[in-house]
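Structure data follow from query-v3.txt (compact mmCIF, C-alpha atoms):
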# COMPACT_ATOMS: atom_id res chain seq x y z
CA MET A 1 -4.49 -14.47 24.78
CA LYS A 2 -2.48 -12.56 22.20
CA TYR A 3 -5.31 -10.05 21.79
CA LEU A 4 -5.31 -9.61 25.58
CA ILE A 5 -1.58 -8.81 25.44
CA ALA A 6 -2.26 -6.12 22.83
CA ILE A 7 -5.04 -4.61 24.94
CA LEU A 8 -2.84 -4.64 28.04
CA PHE A 9 -0.21 -2.76 26.08
CA LEU A 10 -2.79 -0.14 25.12
CA VAL A 11 -3.78 0.17 28.80
CA PHE A 12 -0.10 0.68 29.60
CA LEU A 13 0.13 3.43 27.00
CA ASN A 14 -2.91 5.13 28.51
CA SER A 15 -1.47 4.92 32.01
CA CYS A 16 1.72 6.61 30.79
CA LYS A 17 -0.15 9.47 29.16
CA LYS A 18 0.87 12.90 30.40
CA GLU A 19 -0.44 16.36 29.61
CA THR A 20 2.06 16.57 26.77
CA VAL A 21 1.93 13.32 24.80
CA LYS A 22 5.34 11.89 23.98
CA SER A 23 6.09 11.91 20.27
CA VAL A 24 5.92 8.40 18.81
CA THR A 25 8.48 7.46 16.18
CA ILE A 26 7.75 5.82 12.85
CA LYS A 27 9.59 2.71 14.04
CA GLU A 28 7.54 2.46 17.25
CA ASP A 29 4.30 2.51 15.23
CA VAL A 30 5.59 -0.19 12.88
CA VAL A 31 6.84 -2.38 15.74
CA PHE A 32 3.45 -2.32 17.47
CA LEU A 33 1.39 -2.90 14.34
CA SER A 34 3.59 -5.76 13.08
CA ASP A 35 3.93 -7.56 16.40
CA ASP A 36 2.98 -11.25 16.58
CA ALA A 37 0.36 -10.30 19.19
CA LEU A 38 -1.82 -8.83 16.41
CA GLU A 39 -1.66 -12.13 14.48
CA GLY A 40 -1.30 -10.54 11.06
CA ARG A 41 -4.21 -8.06 11.26
CA GLN A 42 -6.53 -9.99 8.95
CA THR A 43 -9.79 -8.13 8.31
CA GLY A 44 -12.41 -8.74 11.00
CA THR A 45 -10.09 -10.50 13.47
CA ASP A 46 -9.26 -9.51 17.05
CA GLY A 47 -5.77 -8.58 15.83
CA GLU A 48 -7.17 -6.09 13.34
CA LYS A 49 -9.47 -4.65 16.01
CA ALA A 50 -6.48 -4.18 18.34
CA ALA A 51 -4.65 -2.37 15.52
CA ALA A 52 -7.72 -0.17 14.93
CA ASP A 53 -7.84 0.74 18.63
CA TYR A 54 -4.15 1.62 18.56
CA ILE A 55 -4.53 3.88 15.50
CA ALA A 56 -7.60 5.58 17.01
CA LYS A 57 -5.65 6.28 20.20
CA ARG A 58 -2.78 7.72 18.17
CA PHE A 59 -5.24 10.00 16.36
CA LYS A 60 -6.73 11.11 19.68
CA ASP A 61 -3.32 11.78 21.23
CA LEU A 62 -2.38 13.88 18.19
CA GLY A 63 -5.51 16.00 18.71
CA LEU A 64 -7.44 14.74 15.69
CA GLU A 65 -11.24 14.57 15.77
CA GLY A 66 -13.03 11.31 15.16
CA LYS A 67 -14.66 11.35 11.72
CA GLY A 68 -16.18 7.90 11.49
CA THR A 69 -19.78 6.93 12.05
CA ARG A 70 -18.86 6.05 15.63
CA GLU A 71 -16.14 8.42 16.81
CA TYR A 72 -12.97 7.29 15.01
CA PHE A 73 -14.49 4.12 13.55
CA GLN A 74 -16.48 3.33 10.41
CA THR A 75 -17.49 -0.32 10.30
CA PHE A 76 -18.81 -2.25 7.33
CA THR A 77 -19.95 -5.83 6.93
CA PHE A 78 -19.60 -7.96 3.84
CA LYS A 79 -19.89 -11.51 2.63
CA PRO A 80 -16.56 -13.04 1.57
CA LYS A 81 -16.18 -13.61 -2.15
CA THR A 82 -16.58 -17.15 -3.40
CA ASN A 83 -14.83 -16.28 -6.66
CA PRO A 84 -12.40 -13.47 -7.54
CA HIS A 85 -14.75 -11.87 -10.10
CA GLN A 86 -17.72 -11.59 -7.75
CA LYS A 87 -18.72 -8.11 -6.57
CA VAL A 88 -18.67 -7.57 -2.81
CA ASN A 89 -22.12 -7.56 -1.25
CA TYR A 90 -22.26 -4.90 1.46
CA THR A 91 -25.98 -5.54 2.07
CA VAL A 92 -26.31 -8.59 4.29
CA LYS A 93 -29.15 -10.27 6.12
CA GLU A 94 -29.21 -11.14 9.78
CA GLY A 95 -27.75 -14.58 10.34
CA ASP A 96 -25.56 -14.55 7.24
CA SER A 97 -21.91 -15.49 7.59
CA THR A 98 -20.26 -12.08 7.32
CA ILE A 99 -17.04 -10.28 8.12
CA THR A 100 -16.89 -6.85 9.75
CA GLY A 101 -14.11 -4.49 8.70
CA THR A 102 -13.25 -1.23 10.44
CA ASN A 103 -11.90 1.95 8.84
CA VAL A 104 -10.26 4.37 11.28
CA LEU A 105 -10.69 8.11 10.57
CA GLY A 106 -9.04 11.14 12.17
CA PHE A 107 -9.81 14.71 11.09
CA ILE A 108 -7.97 18.02 11.30
CA ASN A 109 -10.68 20.65 10.91
CA ASN A 110 -9.21 23.93 9.68
CA ASN A 111 -12.70 25.21 8.75
CA ALA A 112 -11.54 25.17 5.15
CA GLU A 113 -13.70 24.58 2.09
CA ASN A 114 -11.86 21.47 0.88
CA THR A 115 -10.24 18.43 2.45
CA ILE A 116 -7.13 16.43 1.60
CA VAL A 117 -7.41 12.69 2.31
CA ILE A 118 -4.21 10.94 3.45
CA GLY A 119 -4.58 7.19 3.75
CA ALA A 120 -2.98 3.78 4.15
CA HIS A 121 -4.45 0.34 4.70
CA TYR A 122 -3.64 -1.40 7.98
CA ASP A 123 -5.07 -4.90 7.41
CA HIS A 124 -2.91 -7.81 6.28
CA LEU A 125 -3.07 -11.59 5.71
CA GLY A 126 -3.33 -13.04 9.22
CA TYR A 127 -1.89 -16.55 9.20
CA GLY A 128 -1.78 -16.64 5.42
CA ALA A 129 -5.08 -15.71 3.81
CA GLU A 130 -5.69 -15.69 0.07
CA GLY A 131 -2.82 -13.85 -1.58
CA SER A 132 -0.11 -15.34 0.62
CA LEU A 133 3.01 -16.46 -1.26
CA HIS A 134 4.19 -18.59 1.67
CA ARG A 135 4.55 -22.30 1.05
CA GLY A 136 4.99 -24.18 4.30
CA GLU A 137 3.57 -24.45 7.78
CA LYS A 138 0.96 -21.97 8.95
CA ALA A 139 2.66 -18.78 10.14
CA ILE A 140 1.78 -15.21 11.10
CA HIS A 141 2.16 -12.70 8.28
CA ASN A 142 3.10 -9.54 10.19
CA GLY A 143 3.07 -7.21 7.17
CA ALA A 144 5.62 -4.69 8.44
CA ASP A 145 6.11 -3.19 4.99
CA ASP A 146 2.63 -4.17 3.85
CA ASN A 147 1.34 -1.99 5.31
CA ALA A 148 2.41 -1.00 8.80
CA SER A 149 4.93 1.18 6.96
CA GLY A 150 2.24 3.23 5.21
CA VAL A 151 0.23 3.68 8.42
CA ALA A 152 3.33 4.84 10.31
CA VAL A 153 4.16 7.44 7.65
CA MET A 154 0.52 8.59 7.64
CA LEU A 155 0.67 9.11 11.43
CA ASN A 156 3.95 11.00 11.06
CA LEU A 157 2.30 13.30 8.52
CA ALA A 158 -0.65 13.87 10.86
CA GLU A 159 1.79 15.11 13.51
CA LYS A 160 3.50 17.40 10.98
CA LEU A 161 0.27 18.87 9.60
CA LYS A 162 -1.45 19.62 12.89
CA GLY A 163 -1.59 23.43 12.96
CA ASN A 164 0.24 23.82 9.62
CA HIS A 165 -0.97 24.65 6.10
CA THR A 166 -4.51 25.47 7.06
CA ASN A 167 -6.00 26.24 3.64
CA ASN A 168 -7.37 22.69 3.62
CA ASN A 169 -8.81 20.27 6.16
CA TYR A 170 -7.09 16.88 6.50
CA LEU A 171 -8.79 13.50 6.78
CA PHE A 172 -6.43 10.71 7.81
CA MET A 173 -7.72 7.22 7.10
CA ALA A 174 -6.50 3.73 7.96
CA PHE A 175 -8.37 1.40 5.63
CA SER A 176 -9.55 -2.10 6.41
CA GLY A 177 -10.12 -4.83 3.83
CA GLU A 178 -7.53 -3.70 1.28
CA GLU A 179 -6.04 -7.18 0.96
CA MET A 180 -9.51 -8.57 0.22
CA GLY A 181 -10.15 -6.15 -2.65
CA LEU A 182 -9.94 -2.45 -1.59
CA LEU A 183 -13.08 -2.98 0.47
CA GLY A 184 -12.64 -0.30 3.13
CA SER A 185 -11.74 2.52 0.76
CA ASN A 186 -14.48 1.49 -1.64
CA TYR A 187 -17.00 1.48 1.19
CA PHE A 188 -15.89 4.90 2.42
CA VAL A 189 -16.20 6.53 -1.00
CA LYS A 190 -19.75 5.19 -1.31
CA ASN A 191 -20.63 6.01 2.32
CA ALA A 192 -18.40 9.00 3.01
CA THR A 193 -18.52 10.92 6.29
CA ILE A 194 -17.54 14.11 4.43
CA ASP A 195 -18.69 15.54 1.11
CA THR A 196 -16.58 13.75 -1.52
CA LYS A 197 -17.11 16.68 -3.88
CA LYS A 198 -15.05 18.73 -1.42
CA ILE A 199 -12.07 16.35 -1.47
CA ASP A 200 -9.13 18.21 -3.03
CA TYR A 201 -6.95 15.16 -3.65
CA MET A 202 -6.01 11.85 -2.02
CA ILE A 203 -2.55 10.60 -1.01
CA ASN A 204 -2.06 6.86 -0.51
CA MET A 205 0.96 5.08 0.97
CA ASP A 206 1.25 1.33 0.52
CA MET A 207 4.60 -0.42 1.09
CA VAL A 208 6.89 2.54 1.66
CA GLY A 209 9.27 0.80 4.06
CA ARG A 210 11.93 -0.67 1.76
CA LEU A 211 13.63 2.34 0.17
CA LYS A 212 16.70 0.86 -1.51
CA ALA A 213 20.24 2.18 -1.73
CA ASP A 214 19.49 3.86 -5.07
CA SER A 215 16.54 5.71 -3.40
CA THR A 216 14.05 4.65 -6.08
CA LEU A 217 10.53 5.81 -5.27
CA ALA A 218 7.53 5.11 -7.48
CA VAL A 219 4.67 7.62 -7.48
CA TYR A 220 1.45 6.60 -9.22
CA GLY A 221 -1.33 8.95 -10.29
CA VAL A 222 0.86 11.86 -11.42
CA GLY A 223 -1.40 12.30 -14.45
CA THR A 224 -4.62 12.66 -12.44
CA SER A 225 -4.18 16.44 -12.15
CA PRO A 226 -2.06 18.68 -14.40
CA ILE A 227 0.03 20.24 -11.62
CA LEU A 228 1.10 17.05 -9.81
CA LYS A 229 4.06 15.97 -11.93
CA GLN A 230 5.80 19.34 -11.83
CA THR A 231 5.17 19.71 -8.09
CA LEU A 232 6.73 16.32 -7.36
CA LYS A 233 9.73 17.17 -9.51
CA ALA A 234 10.21 20.60 -7.95
CA HIS A 235 10.67 19.17 -4.45
CA ASN A 236 12.71 16.10 -5.32
CA SER A 237 16.36 16.21 -4.34
CA LYS A 238 16.76 12.79 -2.73
CA PHE A 239 14.92 10.20 -4.85
CA LYS A 240 15.22 8.46 -8.15
CA LEU A 241 11.57 9.09 -9.01
CA ILE A 242 9.60 6.66 -11.15
CA PRO A 243 6.43 8.62 -12.05
CA LYS A 244 3.39 6.68 -13.26
CA GLU A 245 0.49 8.50 -14.92
CA SER A 246 -2.34 6.11 -14.12
CA GLY A 247 -4.69 6.58 -11.19
CA ILE A 248 -5.63 2.89 -11.31
CA GLY A 249 -3.64 0.33 -9.35
CA PRO A 250 -3.92 -2.46 -6.76
CA SER A 251 -4.28 -0.17 -3.73
CA ASP A 252 -6.78 2.16 -2.09
CA HIS A 253 -6.10 5.27 -4.20
CA THR A 254 -8.04 3.51 -6.99
CA SER A 255 -11.32 3.87 -5.06
CA PHE A 256 -10.84 7.66 -4.95
CA TYR A 257 -9.68 7.95 -8.56
CA ASN A 258 -12.87 6.14 -9.60
CA ALA A 259 -14.79 8.95 -7.83
CA ASP A 260 -12.99 11.56 -10.01
CA ILE A 261 -10.57 12.63 -7.27
CA PRO A 262 -6.88 13.32 -8.08
CA VAL A 263 -4.58 10.79 -6.40
CA LEU A 264 -0.93 10.15 -5.60
CA HIS A 265 0.25 6.72 -4.51
CA PHE A 266 3.74 6.24 -3.02
CA PHE A 267 5.53 2.86 -3.22
CA THR A 268 9.13 1.70 -2.65
CA GLY A 269 8.77 -1.57 -4.55
CA GLN A 270 8.13 -5.27 -4.04
CA HIS A 271 10.64 -7.65 -2.50
CA GLU A 272 11.13 -11.31 -1.69
CA ASP A 273 9.30 -10.96 1.67
CA TYR A 274 6.12 -9.67 0.01
CA HIS A 275 3.04 -11.52 1.36
CA LYS A 276 5.25 -13.86 3.40
CA PRO A 277 5.80 -14.32 7.16
CA THR A 278 9.28 -12.81 6.75
CA ASP A 279 7.95 -9.25 6.19
CA ASP A 280 9.13 -8.11 9.65
CA PHE A 281 10.00 -4.75 11.18
CA GLU A 282 13.76 -5.40 11.36
CA LYS A 283 13.99 -5.22 7.57
CA LEU A 284 12.55 -1.74 7.09
CA ASN A 285 14.48 1.41 6.23
CA TYR A 286 13.20 3.85 8.86
CA GLN A 287 15.35 6.77 7.78
CA GLY A 288 14.02 6.22 4.26
CA MET A 289 10.44 6.31 5.57
CA LEU A 290 11.10 9.61 7.35
CA THR A 291 12.61 11.03 4.16
CA ILE A 292 9.48 9.99 2.24
CA SER A 293 7.26 11.60 4.89
CA ASN A 294 9.24 14.84 4.66
CA TYR A 295 8.96 14.77 0.87
CA ILE A 296 5.18 14.28 0.94
CA PHE A 297 4.90 17.11 3.49
CA GLU A 298 6.80 19.41 1.10
CA VAL A 299 4.45 18.47 -1.76
CA ILE A 300 1.39 19.16 0.42
CA SER A 301 2.93 22.46 1.52
CA ASP A 302 3.41 23.54 -2.10
CA LEU A 303 -0.16 22.67 -3.03
CA ASP A 304 -1.64 24.37 0.04
CA ASN A 305 -2.55 27.62 -1.71
CA ASN A 306 -3.42 26.17 -5.12
CA GLY A 307 -7.13 25.80 -4.49
CA LYS A 308 -9.01 22.66 -5.49
CA LEU A 309 -7.01 20.66 -8.03
CA PRO A 310 -8.70 19.83 -11.34
CA PHE A 311 -9.20 16.11 -11.99
CA ARG A 312 -7.95 14.46 -15.15
CA LYS A 313 -8.68 10.92 -16.29
CA THR A 314 -5.70 8.73 -17.16
CA LYS A 315 -5.16 5.67 -19.26
CA ASN A 316 -6.00 2.48 -17.36
CA GLU A 317 -2.74 0.59 -17.71
CA SER A 318 -4.25 -2.51 -16.10
CA GLU A 319 -6.60 -2.94 -19.10
CA GLU A 320 -3.53 -3.41 -21.31
CA THR A 321 -1.98 -6.07 -19.09
CA PRO A 322 -1.92 -9.48 -20.81
CA ARG A 323 -3.56 -12.52 -19.18
CA PHE A 324 -1.27 -15.43 -18.29
CA LYS A 325 -1.75 -19.19 -18.34
CA VAL A 326 1.73 -19.79 -16.90
CA GLY A 327 4.32 -17.96 -14.84
CA LEU A 328 8.08 -18.00 -14.34
CA GLY A 329 7.74 -17.97 -10.58
CA VAL A 330 9.59 -14.71 -10.00
CA ILE A 331 8.92 -11.40 -8.27
CA PRO A 332 9.73 -8.66 -10.80
CA ASP A 333 11.49 -5.48 -9.75
CA TYR A 334 8.72 -3.06 -10.69
CA LEU A 335 10.95 -0.04 -10.09
CA TYR A 336 13.70 -1.16 -12.49
CA ASP A 337 13.88 1.24 -15.44
CA GLY A 338 16.75 -0.29 -17.39
CA LYS A 339 16.54 -2.63 -20.38
CA GLY A 340 14.87 -5.95 -19.64
CA MET A 341 12.97 -7.29 -16.61
CA ARG A 342 15.01 -7.57 -13.41
CA ILE A 343 14.16 -10.37 -10.97
CA ASP A 344 13.69 -9.27 -7.38
CA GLY A 345 12.83 -12.67 -5.92
CA ILE A 346 12.50 -16.35 -6.84
CA SER A 347 9.61 -18.59 -5.74
CA GLU A 348 10.31 -22.10 -4.52
CA ASP A 349 9.81 -25.05 -6.87
CA LYS A 350 8.78 -22.91 -9.85
CA PRO A 351 10.18 -22.81 -13.43
CA ALA A 352 12.68 -20.02 -12.74
CA GLN A 353 14.21 -21.76 -9.73
CA LYS A 354 14.37 -25.10 -11.55
CA ALA A 355 16.18 -23.36 -14.43
CA GLY A 356 18.75 -21.88 -12.05
CA LEU A 357 17.70 -18.24 -12.38
CA GLN A 358 18.76 -15.95 -9.53
CA LYS A 359 17.66 -12.80 -7.77
CA GLY A 360 19.20 -9.87 -9.64
CA ASP A 361 19.14 -11.58 -13.05
CA ILE A 362 17.76 -9.37 -15.83
CA VAL A 363 15.61 -11.24 -18.36
CA VAL A 364 16.54 -9.90 -21.81
CA LYS A 365 15.09 -12.67 -24.00
CA LEU A 366 12.30 -15.22 -23.59
CA GLY A 367 11.81 -17.68 -26.42
CA ASP A 368 12.38 -15.83 -29.69
CA SER A 369 11.31 -12.46 -28.26
CA THR A 370 13.53 -9.71 -26.90
CA VAL A 371 12.47 -8.40 -23.48
CA THR A 372 13.00 -4.64 -23.23
CA ASP A 373 10.76 -3.80 -20.26
CA MET A 374 8.02 -5.14 -18.01
CA MET A 375 5.27 -4.85 -20.62
CA SER A 376 7.23 -6.70 -23.31
CA TYR A 377 8.02 -9.43 -20.76
CA MET A 378 4.33 -9.83 -19.90
CA LYS A 379 3.29 -9.89 -23.55
CA VAL A 380 5.66 -12.70 -24.46
CA LEU A 381 4.90 -14.64 -21.26
CA ALA A 382 1.20 -14.58 -22.21
CA THR A 383 1.96 -16.57 -25.38
CA PHE A 384 3.02 -19.70 -23.45
CA GLU A 385 0.87 -22.48 -22.03
CA ALA A 386 1.42 -25.18 -19.41
CA GLY A 387 3.79 -27.87 -20.73
CA ASN A 388 5.62 -25.54 -23.17
CA THR A 389 9.41 -25.44 -23.10
CA THR A 390 11.59 -22.57 -24.25
CA LYS A 391 14.86 -20.78 -23.55
CA VAL A 392 15.46 -17.70 -21.45
CA VAL A 393 18.47 -15.40 -21.62
CA VAL A 394 19.40 -13.29 -18.59
CA ASP A 395 22.02 -10.66 -17.97
CA ARG A 396 23.84 -11.77 -14.81
CA ASN A 397 26.34 -9.14 -13.71
CA GLY A 398 27.12 -8.22 -17.32
CA GLU A 399 27.33 -11.81 -18.61
CA LEU A 400 24.58 -13.33 -20.79
CA VAL A 401 23.39 -16.67 -19.37
CA GLU A 402 21.01 -19.00 -21.23
CA ALA A 403 18.76 -21.52 -19.49
CA ASP A 404 15.97 -23.94 -20.40
CA ILE A 405 12.49 -23.18 -19.06
CA GLU A 406 9.62 -25.65 -18.73
CA PHE A 407 6.24 -24.19 -17.84
Mind turning this structure into structure tokens?
Amino acid sequence: MKYLIAILFLVFLNSCKKETVKSVTIKEDVVFLSDDALEGRQTGTDGEKAAADYIAKRFKDLGLEGKGTREYFQTFTFKPKTNPHQKVNYTVKEGDSTITGTNVLGFINNNAENTIVIGAHYDHLGYGAEGSLHRGEKAIHNGADDNASGVAVMLNLAEKLKGNHTNNNYLFMAFSGEEMGLLGSNYFVKNATIDTKKIDYMINMDMVGRLKADSTLAVYGVGTSPILKQTLKAHNSKFKLIPKESGIGPSDHTSFYNADIPVLHFFTGQHEDYHKPTDDFEKLNYQGMLTISNYIFEVISDLDNNGKLPFRKTKNESEETPRFKVGLGVIPDYLYDGKGMRIDGISEDKPAQKAGLQKGDIVVKLGDSTVTDMMSYMKVLATFEAGNTTKVVVDRNGELVEADIEF
């Protein structure tokens, strides 16, 4: 029934279509994609298919060509993983229990030699698939920030770039299967509908809807081509930029970096609604999203006449990340660049909550070790096991507070 509602809305949009298509706002895209009617857009569901149809229609209305294997769509089937370390099997036999994901591709053909890929995943967690941090009754995870926000900014950029900066072609992609392991982007790179050797660079937007009052914006992949860092800096007048060198991370840009393509990944940070049913459209900063879109457009404009960017490998920061046997039960503020590890959210019934820690606390000491940043926090956390007890010291509004922690 809910899928029928979504389809009826698409029919309504078609019936309202005029010769000149009305411009759709970033907020309107987010509201549609994060509506309950799409039931959380889990890969392979009717809700995800309705979202794919909506994105394809948006591409068509903007005058983009379809660049999938079937007009705007590129489908792929896979067997769900039975363990997190298992490789995805894209080769399936008839009768196997499989899931079908759908990438959505729109192309601006400027008859240029090279192509810029601009992407964002549109799938999410449905009613609470693996990865959900919700503890309670089954509920729709609408994923307004994760990642209706990225798709909406991508569509806004498609509107801006149509007819502008024609030294490159532009391939806009809404990826499926990101939440299940970067499946859609991985599949595309291995089964591309364009020559991947002709991809200039790739821009990825994942969770760009919660720009905070301090305007902190993280950009990953700045080390993947020599010119990227200085270009980002040259056009920044509105953000507190947190540049990250590595081209490896838990989003779709990684699939392109692994194919030796320069990447930039934009991210406004995690929050307490991450992977929960409370990630709804009312909580997004739409002016902030427009500002991010304008900034990315300026970066693309600057790079337009630079030719194909050289690729540079970066250090894989994830290989240095310690493995944990326990956790505090907090959401770290990954964009915090002060001393210590700032807590951006507290999970229910976990050690941090039981110890009385609060959102906004800055962990400065854990056990006998001083915590100076995220990496030092992770290194000391990795030394504890279940059943251990220790003390934690946090900076709470300038006052040092000590608490007992039991893992």
Residues near range 344-357 of chain A, anyone? I mean within 9 Å using all atoms listed in the file, not counting same-chain ones fewer than 4 positions away, as a ChimeraX atom specification. /A:133,135,270-273,327-334,361,394,403-407
What is the CA of Gly288 in chain A to CA of Lys233 in chain A distance in Å?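 According to the coordinates, CA of Gly288 in chain A and CA of Lys233 in chain A are separated by 18.1 Å.
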Kindly extract all protein, DNA and RNA residues lying within 10 Å of the coordinates (-6.6, -3.4, 8.2) given in the file, considering all atoms listed in the file, and supply them as an MDAnalysis selection string. chainID A and resid 40:45 47:49 51:52 101:104 120:125 147:148 151 174:180 184
In Å, how far is it from CA of Ile199 in chain A to CA of Thr115 in chain A?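 CA of Thr115 in chain A lies at a distance of 4.8 Å from CA of Ile199 in chain A.
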Closest to Asp61 in chain A among A:Ala152, A:Ile194, A:Ile26, A:Ala158, using all atoms listed in the file?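 The shortest atom-to-atom distance to Asp61 in chain A comes from A:Ala158.
Of the residues under consideration (A:Leu62, A:Ala144, A:Val401, A:Ile116), A:Ala144 shows the shortest atom-to-atom contact distance to Asp29 in chain A when counting only C-alpha atoms.
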Enter the distance from CA of Ile55 in chain A to CA of Thr291 in chain A, in Å, rounded to one decimal.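 CA of Thr291 in chain A lies at a distance of 21.8 Å from CA of Ile55 in chain A.
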Using only C-alpha atoms: which of A:Glu71, A:Glu137, A:Asp279, A:Glu130 has the shortest distance to Phe107 in chain A: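 Residue with the minimum atom-to-atom distance to Phe107 in chain A: A:Glu71.
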So that all listed atoms of range 103-114 of chain A fit with 8 Å spare on each side, what axis-aligned box centre and edge lengths in Å, to one decimal, would you give as lines of an AutoDock Vina configuration file?
center_x = -10.8
center_y = 13.6
center_z = 6.5
size_x = 21.7
size_y = 39.3
size_z = 27.3
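The residue set within 9 Å of Asn114 in chain A, counting all atoms listed in the file and dropping same-chain residues fewer than 4 places from it, reads Asn167, Asn168, Asn169, Tyr170, Lys197, Lys198, Ile199, Asp200, Gly307 and Lys308 of chain A.
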Residues from last step as file, C-alpha atoms, as a CSV table (one decimal), in the coordinates of the input:
chain,number,residue,atom,x,y,z
A,167,ASN,CA,-6.0,26.2,3.6
A,168,ASN,CA,-7.4,22.7,3.6
A,169,ASN,CA,-8.8,20.3,6.2
A,170,TYR,CA,-7.1,16.9,6.5
A,197,LYS,CA,-17.1,16.7,-3.9
A,198,LYS,CA,-15.0,18.7,-1.4
A,199,ILE,CA,-12.1,16.4,-1.5
A,200,ASP,CA,-9.1,18.2,-3.0
A,307,GLY,CA,-7.1,25.8,-4.5
A,308,LYS,CA,-9.0,22.7,-5.5
My list of candidates is A:Ala259, A:Leu157, A:Leu335, A:Met173. Which is closest to Leu211 in chain A when distances are computed with only C-alpha atoms?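 Looking at the shortest contact to Leu211 in chain A, the residue is A:Leu335.
The shortest atom-to-atom distance to Ala382 in chain A, with all atoms listed in the file taken into account, belongs to A:Val326 out of A:Val31, A:Leu366, A:Ala234, A:Val326.
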Extract, using all atoms listed in the file, all DNA, RNA and protein residues at most 6 Å from range 74-78 of chain A, discarding same-chain residues fewer than 2 positions from it, and format them as an NGL selection string. :A and (68-69 or 89-90 or 98-103)
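Neighbours of Ile118 in chain A closer than or equal to 6 Å, with all atoms listed in the file counted and sequence neighbours fewer than 4 positions away skipped, come out as Phe172, Met202 and Ile203 of chain A.
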Pull the neighbourhood of (13.0, 11.4, -9.2) for me: all residues within 12 Å in file coordinates, counting all atoms listed in the file, as a PDB file with C-alpha atoms, in the coordinates of the input.
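Output saved as selection-v7.pdb:
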ATOM      1  CA  ASP A 214      19.490   3.860  -5.070  1.00  0.00           C
ATOM      2  CA  SER A 215      16.540   5.710  -3.400  1.00  0.00           C
ATOM      3  CA  THR A 216      14.050   4.650  -6.080  1.00  0.00           C
ATOM      4  CA  LEU A 217      10.530   5.810  -5.270  1.00  0.00           C
ATOM      5  CA  ALA A 218       7.530   5.110  -7.480  1.00  0.00           C
ATOM      6  CA  VAL A 219       4.670   7.620  -7.480  1.00  0.00           C
ATOM      7  CA  LYS A 229       4.060  15.970 -11.930  1.00  0.00           C
ATOM      8  CA  GLN A 230       5.800  19.340 -11.830  1.00  0.00           C
ATOM      9  CA  THR A 231       5.170  19.710  -8.090  1.00  0.00           C
ATOM     10  CA  LEU A 232       6.730  16.320  -7.360  1.00  0.00           C
ATOM     11  CA  LYS A 233       9.730  17.170  -9.510  1.00  0.00           C
ATOM     12  CA  ALA A 234      10.210  20.600  -7.950  1.00  0.00           C
ATOM     13  CA  HIS A 235      10.670  19.170  -4.450  1.00  0.00           C
ATOM     14  CA  ASN A 236      12.710  16.100  -5.320  1.00  0.00           C
ATOM     15  CA  SER A 237      16.360  16.210  -4.340  1.00  0.00           C
ATOM     16  CA  LYS A 238      16.760  12.790  -2.730  1.00  0.00           C
ATOM     17  CA  PHE A 239      14.920  10.200  -4.850  1.00  0.00           C
ATOM     18  CA  LYS A 240      15.220   8.460  -8.150  1.00  0.00           C
ATOM     19  CA  LEU A 241      11.570   9.090  -9.010  1.00  0.00           C
ATOM     20  CA  ILE A 242       9.600   6.660 -11.150  1.00  0.00           C
ATOM     21  CA  PRO A 243       6.430   8.620 -12.050  1.00  0.00           C
ATOM     22  CA  LYS A 244       3.390   6.680 -13.260  1.00  0.00           C
ATOM     23  CA  TYR A 295       8.960  14.770   0.870  1.00  0.00           C
ATOM     24  CA  LEU A 335      10.950  -0.040 -10.090  1.00  0.00           C
ATOM     25  CA  ASP A 337      13.880   1.240 -15.440  1.00  0.00           C
TER      26      ASP A 337
END
Closest of A:Val263, A:Leu309, A:Ala37, A:Leu182 to Pro226 in chain A - atom-to-atom distances counting all atoms listed in the file: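 Closest to Pro226 in chain A of all the choices is A:Leu309.
Residue neighbourhood of Asp145 in chain A, excluding near-sequence residues (fewer than 2 positions): Val30, Ser34, Asn142, Gly143, Asn147, Ala148, Ser149, Gly150, Asp206, Met207, Val208, Gly209, Arg210, Tyr274, Asp279, Asp280, Phe281, Lys283 and Leu284 of chain A, at 9 Å, using all atoms listed in the file.
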